[in-house]
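Data block for start08.tsv (TSV, N, CA and C atoms):
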chain	number	residue	atom	x	y	z
A	1	MET	N	0.83	-1.17	0.00
A	1	MET	CA	0.00	0.00	0.00
A	1	MET	C	0.89	1.25	0.00
A	2	LEU	N	0.73	2.10	-0.96
A	2	LEU	CA	1.53	3.32	-1.05
A	2	LEU	C	0.70	4.46	-0.49
A	3	LEU	N	1.22	5.10	0.55
A	3	LEU	CA	0.52	6.21	1.19
A	3	LEU	C	1.19	7.52	0.80
A	4	PRO	N	0.43	8.61	0.75
A	4	PRO	CA	0.95	9.86	0.19
A	4	PRO	C	1.94	10.63	1.03
A	5	SER	N	1.99	10.45	2.34
A	5	SER	CA	2.92	11.25	3.13
A	5	SER	C	3.34	10.52	4.38
A	6	HIS	N	4.39	11.05	5.03
A	6	HIS	CA	4.89	10.42	6.24
A	6	HIS	C	3.88	10.46	7.38
A	7	ILE	N	3.04	11.47	7.44
A	7	ILE	CA	2.04	11.48	8.51
A	7	ILE	C	1.07	10.32	8.35
A	8	ASP	N	0.73	9.96	7.13
A	8	ASP	CA	-0.14	8.82	6.90
A	8	ASP	C	0.53	7.52	7.33
A	9	TRP	N	1.84	7.42	7.15
A	9	TRP	CA	2.56	6.23	7.57
A	9	TRP	C	2.50	6.07	9.08
A	10	VAL	N	2.67	7.16	9.81
A	10	VAL	CA	2.63	7.08	11.27
A	10	VAL	C	1.23	6.69	11.73
A	11	SER	N	0.21	7.34	11.19
A	11	SER	CA	-1.17	6.99	11.54
A	11	SER	C	-1.48	5.55	11.18
A	12	TYR	N	-0.99	5.12	10.02
A	12	TYR	CA	-1.20	3.74	9.58
A	12	TYR	C	-0.57	2.76	10.56
A	13	LEU	N	0.64	3.05	11.01
A	13	LEU	CA	1.33	2.17	11.95
A	13	LEU	C	0.57	2.10	13.28
A	14	VAL	N	0.20	3.25	13.82
A	14	VAL	CA	-0.51	3.26	15.12
A	14	VAL	C	-1.84	2.54	15.01
A	15	SER	N	-2.58	2.78	13.93
A	15	SER	CA	-3.88	2.11	13.81
A	15	SER	C	-3.73	0.63	13.49
A	16	SER	N	-2.75	0.26	12.68
A	16	SER	CA	-2.54	-1.15	12.35
A	16	SER	C	-2.18	-1.97	13.59
A	17	LEU	N	-1.40	-1.39	14.47
A	17	LEU	CA	-1.03	-2.07	15.71
A	17	LEU	C	-2.10	-1.89	16.79
A	18	ASP	N	-3.12	-1.11	16.47
A	18	ASP	CA	-4.23	-0.81	17.39
A	18	ASP	C	-3.69	-0.35	18.74
A	19	LEU	N	-2.73	0.58	18.69
A	19	LEU	CA	-2.13	1.09	19.92
A	19	LEU	C	-3.11	1.99	20.65
A	20	LYS	N	-3.19	1.80	21.96
A	20	LYS	CA	-4.08	2.60	22.81
A	20	LYS	C	-3.36	2.89	24.12
A	21	ASP	N	-3.78	3.96	24.77
A	21	ASP	CA	-3.22	4.33	26.06
A	21	ASP	C	-1.70	4.52	25.96
A	22	ILE	N	-1.26	5.12	24.87
A	22	ILE	CA	0.18	5.29	24.63
A	22	ILE	C	0.63	6.69	25.00
A	23	MET	N	1.92	6.82	25.20
A	23	MET	CA	2.52	8.12	25.48
A	23	MET	C	3.20	8.60	24.20
A	24	LEU	N	2.89	9.82	23.82
A	24	LEU	CA	3.53	10.44	22.66
A	24	LEU	C	4.61	11.38	23.16
A	25	PHE	N	5.83	11.17	22.71
A	25	PHE	CA	6.89	12.15	22.91
A	25	PHE	C	7.27	12.64	21.53
A	26	CYS	N	7.09	13.92	21.30
A	26	CYS	CA	7.46	14.47	19.99
A	26	CYS	C	8.37	15.67	20.21
A	27	GLN	N	9.41	15.72	19.42
A	27	GLN	CA	10.42	16.75	19.58
A	27	GLN	C	10.72	17.37	18.22
A	28	ASP	N	10.87	18.68	18.21
A	28	ASP	CA	11.26	19.43	17.03
A	28	ASP	C	10.27	19.17	15.90
A	29	TRP	N	10.73	18.77	14.74
A	29	TRP	CA	9.85	18.57	13.58
A	29	TRP	C	8.90	17.40	13.79
A	30	GLY	N	9.22	16.48	14.67
A	30	GLY	CA	8.32	15.37	14.96
A	30	GLY	C	6.99	15.82	15.55
A	31	GLY	N	6.99	16.99	16.15
A	31	GLY	CA	5.75	17.54	16.69
A	31	GLY	C	4.73	17.85	15.61
A	32	LEU	N	5.20	18.21	14.44
A	32	LEU	CA	4.29	18.49	13.33
A	32	LEU	C	3.50	17.25	12.96
A	33	ILE	N	4.11	16.10	13.11
A	33	ILE	CA	3.43	14.84	12.82
A	33	ILE	C	2.66	14.36	14.05
A	34	GLY	N	3.36	14.26	15.17
A	34	GLY	CA	2.77	13.67	16.36
A	34	GLY	C	1.60	14.45	16.93
A	35	LEU	N	1.71	15.76	17.03
A	35	LEU	CA	0.63	16.54	17.61
A	35	LEU	C	-0.60	16.54	16.71
A	36	ARG	N	-0.38	16.54	15.42
A	36	ARG	CA	-1.53	16.45	14.50
A	36	ARG	C	-2.23	15.10	14.67
A	37	MET	N	-1.44	14.04	14.76
A	37	MET	CA	-2.03	12.71	14.92
A	37	MET	C	-2.78	12.62	16.25
A	38	ALA	N	-2.22	13.20	17.31
A	38	ALA	CA	-2.90	13.18	18.61
A	38	ALA	C	-4.21	13.97	18.57
A	39	ALA	N	-4.22	15.06	17.82
A	39	ALA	CA	-5.45	15.84	17.68
A	39	ALA	C	-6.51	15.07	16.90
A	40	GLU	N	-6.07	14.26	15.93
A	40	GLU	CA	-7.01	13.50	15.10
A	40	GLU	C	-7.50	12.23	15.79
A	41	THR	N	-6.69	11.65	16.67
A	41	THR	CA	-7.07	10.40	17.34
A	41	THR	C	-6.74	10.48	18.83
A	42	PRO	N	-7.36	11.39	19.56
A	42	PRO	CA	-7.00	11.59	20.97
A	42	PRO	C	-7.26	10.37	21.85
A	43	ASN	N	-8.17	9.51	21.46
A	43	ASN	CA	-8.49	8.33	22.27
A	43	ASN	C	-7.34	7.33	22.34
A	44	ARG	N	-6.34	7.46	21.52
A	44	ARG	CA	-5.21	6.54	21.54
A	44	ARG	C	-4.12	6.95	22.53
A	45	PHE	N	-4.16	8.20	22.99
A	45	PHE	CA	-3.05	8.75	23.77
A	45	PHE	C	-3.44	8.99	25.22
A	46	ALA	N	-2.59	8.50	26.14
A	46	ALA	CA	-2.78	8.74	27.56
A	46	ALA	C	-2.00	9.97	28.01
A	47	LYS	N	-0.84	10.19	27.40
A	47	LYS	CA	0.04	11.30	27.78
A	47	LYS	C	0.70	11.85	26.52
A	48	ILE	N	1.02	13.14	26.57
A	48	ILE	CA	1.72	13.78	25.46
A	48	ILE	C	2.80	14.68	26.04
A	49	VAL	N	4.01	14.52	25.53
A	49	VAL	CA	5.13	15.39	25.88
A	49	VAL	C	5.61	16.03	24.59
A	50	ALA	N	5.56	17.35	24.53
A	50	ALA	CA	6.02	18.08	23.35
A	50	ALA	C	7.23	18.91	23.74
A	51	SER	N	8.29	18.75	22.98
A	51	SER	CA	9.55	19.43	23.28
A	51	SER	C	10.05	20.18	22.06
A	52	ASN	N	10.24	21.48	22.21
A	52	ASN	CA	10.82	22.28	21.14
A	52	ASN	C	10.10	22.06	19.82
A	53	THR	N	8.80	22.23	19.81
A	53	THR	CA	8.01	21.97	18.61
A	53	THR	C	6.85	22.94	18.52
A	54	MET	N	5.98	22.70	17.57
A	54	MET	CA	4.81	23.55	17.40
A	54	MET	C	3.72	22.76	16.70
A	55	LEU	N	2.53	23.29	16.74
A	55	LEU	CA	1.41	22.72	16.01
A	55	LEU	C	0.78	23.86	15.22
A	56	PRO	N	1.08	23.93	13.92
A	56	PRO	CA	0.49	25.01	13.12
A	56	PRO	C	-1.03	24.88	13.09
A	57	THR	N	-1.71	25.91	13.52
A	57	THR	CA	-3.17	25.90	13.57
A	57	THR	C	-3.80	26.78	12.50
A	58	GLY	N	-2.98	27.57	11.83
A	58	GLY	CA	-3.50	28.50	10.84
A	58	GLY	C	-3.80	29.87	11.42
A	59	GLU	N	-3.70	30.01	12.73
A	59	GLU	CA	-3.96	31.30	13.37
A	59	GLU	C	-2.82	32.29	13.17
A	60	HIS	N	-1.62	31.75	12.96
A	60	HIS	CA	-0.44	32.60	12.79
A	60	HIS	C	0.27	32.19	11.50
A	61	ARG	N	0.83	33.16	10.83
A	61	ARG	CA	1.60	32.88	9.61
A	61	ARG	C	2.87	32.13	10.00
A	62	MET	N	3.19	31.11	9.24
A	62	MET	CA	4.41	30.36	9.48
A	62	MET	C	5.61	31.24	9.14
A	63	PRO	N	6.70	31.13	9.90
A	63	PRO	CA	7.90	31.95	9.61
A	63	PRO	C	8.46	31.63	8.23
A	64	ASP	N	9.07	32.63	7.63
A	64	ASP	CA	9.68	32.45	6.30
A	64	ASP	C	10.69	31.31	6.30
A	65	THR	N	11.44	31.15	7.40
A	65	THR	CA	12.42	30.06	7.45
A	65	THR	C	11.76	28.70	7.34
A	66	PHE	N	10.59	28.53	7.96
A	66	PHE	CA	9.85	27.28	7.86
A	66	PHE	C	9.40	27.06	6.42
A	67	LEU	N	8.85	28.09	5.79
A	67	LEU	CA	8.38	27.97	4.41
A	67	LEU	C	9.54	27.67	3.46
A	68	GLN	N	10.68	28.30	3.71
A	68	GLN	CA	11.87	28.03	2.88
A	68	GLN	C	12.34	26.59	3.06
A	69	TRP	N	12.37	26.11	4.31
A	69	TRP	CA	12.77	24.72	4.56
A	69	TRP	C	11.82	23.76	3.86
A	70	ARG	N	10.52	24.01	3.99
A	70	ARG	CA	9.53	23.12	3.36
A	70	ARG	C	9.74	23.08	1.85
A	71	GLU	N	9.94	24.22	1.24
A	71	GLU	CA	10.18	24.28	-0.20
A	71	GLU	C	11.45	23.52	-0.57
A	72	PHE	N	12.53	23.77	0.17
A	72	PHE	CA	13.80	23.10	-0.09
A	72	PHE	C	13.67	21.59	0.05
A	73	SER	N	13.07	21.16	1.14
A	73	SER	CA	12.99	19.72	1.40
A	73	SER	C	12.12	18.99	0.39
A	74	GLN	N	11.10	19.64	-0.10
A	74	GLN	CA	10.18	18.98	-1.01
A	74	GLN	C	10.60	19.08	-2.47
A	75	SER	N	11.44	20.05	-2.81
A	75	SER	CA	11.79	20.24	-4.22
A	75	SER	C	13.20	19.79	-4.57
A	76	SER	N	14.00	19.42	-3.59
A	76	SER	CA	15.37	18.98	-3.88
A	76	SER	C	15.34	17.62	-4.58
A	77	PRO	N	15.91	17.53	-5.79
A	77	PRO	CA	15.88	16.25	-6.50
A	77	PRO	C	16.66	15.16	-5.77
A	78	GLU	N	17.75	15.54	-5.11
A	78	GLU	CA	18.49	14.60	-4.26
A	78	GLU	C	18.67	15.27	-2.92
A	79	PHE	N	18.06	14.72	-1.91
A	79	PHE	CA	18.07	15.30	-0.57
A	79	PHE	C	19.25	14.71	0.19
A	80	ASP	N	20.29	15.51	0.41
A	80	ASP	CA	21.52	15.07	1.05
A	80	ASP	C	21.40	15.21	2.57
A	81	ILE	N	21.07	14.11	3.23
A	81	ILE	CA	20.85	14.13	4.67
A	81	ILE	C	22.09	14.60	5.41
A	82	GLY	N	23.24	14.04	5.09
A	82	GLY	CA	24.49	14.45	5.73
A	82	GLY	C	24.76	15.93	5.53
A	83	GLY	N	24.48	16.42	4.34
A	83	GLY	CA	24.68	17.84	4.05
A	83	GLY	C	23.76	18.72	4.88
A	84	VAL	N	22.53	18.29	5.07
A	84	VAL	CA	21.59	19.05	5.90
A	84	VAL	C	22.08	19.09	7.34
A	85	ILE	N	22.51	17.94	7.88
A	85	ILE	CA	23.04	17.90	9.24
A	85	ILE	C	24.27	18.80	9.35
A	86	ASN	N	25.12	18.76	8.35
A	86	ASN	CA	26.34	19.57	8.34
A	86	ASN	C	26.03	21.06	8.38
A	87	MET	N	24.93	21.48	7.76
A	87	MET	CA	24.55	22.90	7.78
A	87	MET	C	24.21	23.38	9.19
A	88	GLY	N	23.87	22.46	10.09
A	88	GLY	CA	23.50	22.84	11.44
A	88	GLY	C	24.62	22.67	12.46
A	89	THR	N	25.84	22.45	12.00
A	89	THR	CA	26.95	22.25	12.92
A	89	THR	C	27.89	23.45	12.91
A	90	ILE	N	28.67	23.58	13.96
A	90	ILE	CA	29.62	24.69	14.06
A	90	ILE	C	30.82	24.44	13.16
A	91	SER	N	31.32	23.21	13.13
A	91	SER	CA	32.44	22.87	12.27
A	91	SER	C	32.00	21.80	11.28
A	92	ASP	N	32.65	21.75	10.15
A	92	ASP	CA	32.29	20.77	9.13
A	92	ASP	C	32.51	19.35	9.62
A	93	LEU	N	31.56	18.49	9.29
A	93	LEU	CA	31.68	17.08	9.64
A	93	LEU	C	32.64	16.39	8.68
A	94	SER	N	33.30	15.35	9.16
A	94	SER	CA	34.24	14.60	8.32
A	94	SER	C	33.46	13.80	7.27
A	95	GLU	N	34.14	13.37	6.26
A	95	GLU	CA	33.52	12.55	5.21
A	95	GLU	C	32.95	11.26	5.80
A	96	GLU	N	33.65	10.70	6.79
A	96	GLU	CA	33.18	9.47	7.43
A	96	GLU	C	31.86	9.70	8.16
A	97	VAL	N	31.75	10.82	8.86
A	97	VAL	CA	30.52	11.12	9.60
A	97	VAL	C	29.38	11.41	8.63
A	98	LEU	N	29.67	12.16	7.57
A	98	LEU	CA	28.64	12.42	6.55
A	98	LEU	C	28.16	11.12	5.93
A	99	ALA	N	29.08	10.23	5.64
A	99	ALA	CA	28.72	8.93	5.06
A	99	ALA	C	27.85	8.13	6.03
A	100	ALA	N	28.15	8.22	7.33
A	100	ALA	CA	27.35	7.50	8.32
A	100	ALA	C	25.92	8.03	8.37
A	101	TYR	N	25.75	9.35	8.30
A	101	TYR	CA	24.40	9.92	8.26
A	101	TYR	C	23.66	9.46	7.00
A	102	ASN	N	24.35	9.48	5.88
A	102	ASN	CA	23.71	9.12	4.60
A	102	ASN	C	23.46	7.62	4.45
A	103	ALA	N	24.19	6.80	5.19
A	103	ALA	CA	24.06	5.35	5.05
A	103	ALA	C	22.66	4.85	5.39
A	104	ARG	N	21.97	5.54	6.29
A	104	ARG	CA	20.62	5.11	6.69
A	104	ARG	C	19.59	5.41	5.61
A	105	PHE	N	19.98	6.13	4.57
A	105	PHE	CA	19.05	6.54	3.52
A	105	PHE	C	19.63	6.18	2.15
A	106	PRO	N	19.59	4.92	1.77
A	106	PRO	CA	20.26	4.47	0.55
A	106	PRO	C	19.63	5.00	-0.74
A	107	SER	N	18.38	5.46	-0.70
A	107	SER	CA	17.77	6.06	-1.87
A	107	SER	C	16.71	7.08	-1.41
A	108	GLU	N	16.19	7.84	-2.36
A	108	GLU	CA	15.22	8.90	-2.04
A	108	GLU	C	13.96	8.35	-1.36
A	109	LYS	N	13.58	7.12	-1.65
A	109	LYS	CA	12.34	6.59	-1.07
A	109	LYS	C	12.43	6.44	0.46
A	110	TYR	N	13.63	6.43	1.02
A	110	TYR	CA	13.82	6.30	2.46
A	110	TYR	C	13.83	7.66	3.17
A	111	LYS	N	13.71	8.75	2.43
A	111	LYS	CA	13.92	10.09	3.00
A	111	LYS	C	12.65	10.87	3.29
A	112	ALA	N	11.48	10.26	3.15
A	112	ALA	CA	10.22	10.98	3.36
A	112	ALA	C	10.13	11.57	4.76
A	113	GLY	N	10.51	10.82	5.78
A	113	GLY	CA	10.45	11.32	7.14
A	113	GLY	C	11.39	12.48	7.37
A	114	ALA	N	12.59	12.38	6.82
A	114	ALA	CA	13.56	13.45	6.96
A	114	ALA	C	13.11	14.71	6.22
A	115	LYS	N	12.46	14.51	5.13
A	115	LYS	CA	11.97	15.67	4.37
A	115	LYS	C	10.83	16.34	5.08

Now, as a test, write the supplied structure out as structure tokens.
Amino acid sequence: MLLPSHIDWVSYLVSSLDLKDIMLFCQDWGGLIGLRMAAETPNRFAKIVASNTMLPTGEHRMPDTFLQWREFSQSSPEFDIGGVINMGTISDLSEEVLAAYNARFPSEKYKAGAK
């Protein structure tokens, strides 16, 4: 079954396993997925911990940096995971470390969650 987005994969997993009374911990970009899923299926969650994240409700305009990231992540023909991580570091990562980050994503089909 091919689902259109990573949020559908998470919902599919939780519903397929019929998880109930679970604790959601979502951090950073994971909050965009987790908090939306909790809002859509609150009966599955006993506790929610949100750390350094947000839930866009439409009440406030998203920051330009968020919109730029979304555009970049969705339109890049080859999404370089190691390169993205390297952009957030103080010093450049070694080739070995970049290769280790990229090893978990052998092709574009594995990068939906990162995007």

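Counting only C-alpha atoms, Met54 of chain A has the following residues at most 8 Å away, ignoring those fewer than 6 positions along the same chain: Asp28, Gly31 and Leu32 of chain A.
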
Open item on the list: Which residues are near Met37 of chain A? Cut-off 10 Å, only C-alpha atoms, ignore same chain within fewer than 2 positions. Put them as a list in words.
Closed with: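 In the requested format, the answer is Ile7, Asp8, Val10, Ser11, Val14, Leu24, Gly31, Leu32, Ile33, Gly34, Leu35, Ala39, Glu40, Thr41, Pro42, Arg44 and Phe45 of chain A.
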
Open item on the list: If DSSP is run on the backbone, what residues of segment 32-103 of chain A are strand (DSSP E)? A reply as number ranges by chain would be ideal.
Closed with: A: 45-51

- [ ] May I ask for the distance between atom CA of Gly82 of chain A and atom C of Arg70 of chain A, given in Å to one decimal place?
- [x] 17.5 Å

TODO: Just give me the gap between atom C of Pro63 of chain A and atom C of Cys26 of chain A in Å, one decimal is fine.
DONE: 20.0 Å

Task: Å distance separating atom CA of Val84 of chain A from atom CA of Gly30 of chain A, one decimal place - done: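 Straight-line distance from atom CA of Val84 of chain A to atom CA of Gly30 of chain A works out to 16.5 Å.
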
- [ ] Using backbone DSSP assignments, extract all helix (DSSP H, G or I) residues from segment 67-113 of chain A; output them as a PyMOL selection string.
- [x] chain A and resi 67-75+81-87+95-103+108-110

Open item on the list: My list of candidates is A:Ser73, A:Ala38, A:Ala99, A:Phe105. Which is closest to Ile22 of chain A when distances are computed with only C-alpha atoms?
Closed with: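 For Ile22 of chain A, the nearest of the given residues is A:Ala38.
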
Task: Shortest interatomic distance to Lys47 of chain A - which of A:Ala114, A:Gln68, A:Met62, A:Lys20, counting only C-alpha atoms - done: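 Of A:Ala114, A:Gln68, A:Met62, A:Lys20, the one nearest Lys47 of chain A, counting only C-alpha atoms, is A:Lys20.
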